[in-house]
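Written out below as structure tokens is the structure these notes cover.
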Number of protein chains: 2
Amino acid sequence: MINKNSPIPIYYQLEELIKDQIEKGDLKPGDALPPEREYAETYQISRMTVRQAFTKLVNDGYLYRLQGKGTFVAERKVEQGLQGLTSFTEDMRARGLEPGSQLINFEVIPAPVRIAKYLSIEESSPVYEIKRIRLADQVPMALETTYISAEKVKGLTKEIVNRSLYEYIEGTLGFRIDHARQIIESSVANQIESEYLSIKEGAPIMLIQRNTYLEDETPIEVVKSSYRADRYKFMIDMKR
Amino acid sequence: MINKNSPIPIYYQLEELIKDQIEKGDLKPGDALPPEREYAETYQISRMTVRQAFTKLVNDGYLYRLQGKGTFVAERKVEQGLQGLTSFTEDMRARGLEPGSQLINFEVIPAPVRIAKYLSIEESSPVYEIKRIRLADQVPMALETTYISAEKVKGLTKEIVNRSLYEYIEGTLGFRIDHARQIIESSVANQIESEYLSIKEGAPIMLIQRNTYLEDETPIEVVKSSYRADRYKFMIDMKR
DNA sequence: TACATATAGTTGTCTAGACCAATTTTATAC
DNA sequence: GTATAAAATTGGTCTAGACAACTATATGTA
């Protein structure tokens, strides 16, 4: 259950334990959790440590607290965080669709002025330009272009891109992606988009630009995507 | 500065104090804050209390911490929360535009099946239907229809809607809006939309549906909006 | 000079309590 | 039975420390 001698923090262990119980259905939405004092007693840990775990789970939308009444499992998790919102793969899986990808261009180019600005690098310094058609159940869903500084992220290859770009950036290179800014707008398909997405020219599309950053605001990537409006809706849950 | 005898929690007082310093520019992005122990010493409070304030500010995107180095002011605040994203008024002000509104319909109708479902009420039970043209700098920006259960939210009038709907729901009625789900899609203007928004039929528009909830998942309102794509982009910052 | 080592400073985790505030439950009085 | 009061329960805030993990700096040594 909880290992007090583990190098893994106790509050984190408790967090995962409760999340598991929620995901396995042992704790259902609306259920009251045992009181904080009981957890402290049961696991022989301080109540403050229990609160640290609870507080994190409340912030992440798993639980909510009512003073004098107790702590309860939230109806559904809001604010899934970046993962479900930035990774096309995860996004599609969450929608019950089989994600796919078709690389149509991979090269290092001198950074265009706009891209250089977003990435906080010199104009014309080298950037990877990765162009892909994103598929859902084998049907084109979006046309996506990713820009990454070749000086910050070294050693990128087609193979890595096809496997998992994020895993390489976070796992192998050790960057910790912290936050992102997304800009969403409506438009209509131009000739190139209509061709790649198998839709008519002038059909509605959703343009999404995502800039991702490390904790200290260092830009890591810029992604510009054109989604088929007939197949894609952008959904977001937010806590106040 | 900090009043230990105030009924206002110390951690909250410290939170506000630091936020003020950031907003006034006394603390600039990238600046290191005095260490936690110094705050504890200065204000004669426990370090854990300081950490409670810091943790909240980190979660809200004002600060970030680096173990062994210190705590720093974030570049810009991410995750503004619901306020800037749900209130048309605040949204427009943040963009430097003067918000306006033109009420075109206000009535109580029997809830259509789809709306009843979203609001978790019986079909045909009474709901307010509030239709407005939303203006920015006197020019139409969006066509917006709000649905609110007349049984949950009583006593709504045109005057309240024109003043501030949220203030009435939260202030007067005492509901605390906790979170929202938004669905965004791209489309093209139909005849009605093109007329109200002064755009051509077939011009791109952005459809946004927002469902807002209380802490215990009680639905409070459903808002369906059609934004002019030539004037509006949806922006969102998110922390991982 | 270059490199290893010690030291100090910082955040991260944790304890074992205390008292307060809100709510629910139980006991009491009528 | 019903209303009121008291007690118990629960989350909210706060303390005064302790030690761990990590970073930067100073120091000593080859």
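Chain lettering (A, B, ...) mirrors the order of the structure tokens, residue numbering begins at 1 for each chain separately, and ligand numbering begins at 1 in order of display.
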
Contact residues (chain A, partner chain D, 12 Å, only C-alpha atoms (C1' of nucleotides)) as a VMD selection string: chain A and resid 7 9 32 to 38 47 to 48 51 54 to 55 64 to 72

Proximal residues of chain C relative to chain A (only C-alpha atoms (C1' of nucleotides); 8 Å) as number ranges by chain: C: 13-16, 22-24

Counting only C-alpha atoms, which residues from chain A have an atom at most 6 Å from any atom of chain B, and could you show them as a PyMOL selection string? chain A and resi 81-82+178-187+204+206+229+233-240

Restricting the calculation to only C-alpha atoms: of B:Leu173, B:Ile160, B:Ile8, B:Leu143, which residue gets closest to Ile199 (chain B)? B:Leu143

Length of the CA of Ser125 (chain A) to CA of Ile192 (chain A) vector [Å]: 26.7 Å

Could you tell me how far CA of Ser198 (chain B) lies from CA of Ser226 (chain B), in Å and to one decimal? 12.4 Å

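Residue-level DSSP output for region 130-211 of chain B, from the backbone, shows helix (DSSP H, G or I) at Lys158, Glu159, Ile160, Val161, Asn162, Arg163, Leu165, Tyr166, Glu167, Tyr168, Ile169, Glu170, Gly171, Thr172, Gln191, Ile192, Glu193, Ser194, Glu195, Tyr196 and Leu197 of chain B.
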
Sel. of strand (DSSP E or B) residues, region 36-240 of chain A, as a PyMOL selection string: chain A and resi 63-66+70-73+99-110+126-136+139-149+177-188+204-214+219-228+234-239
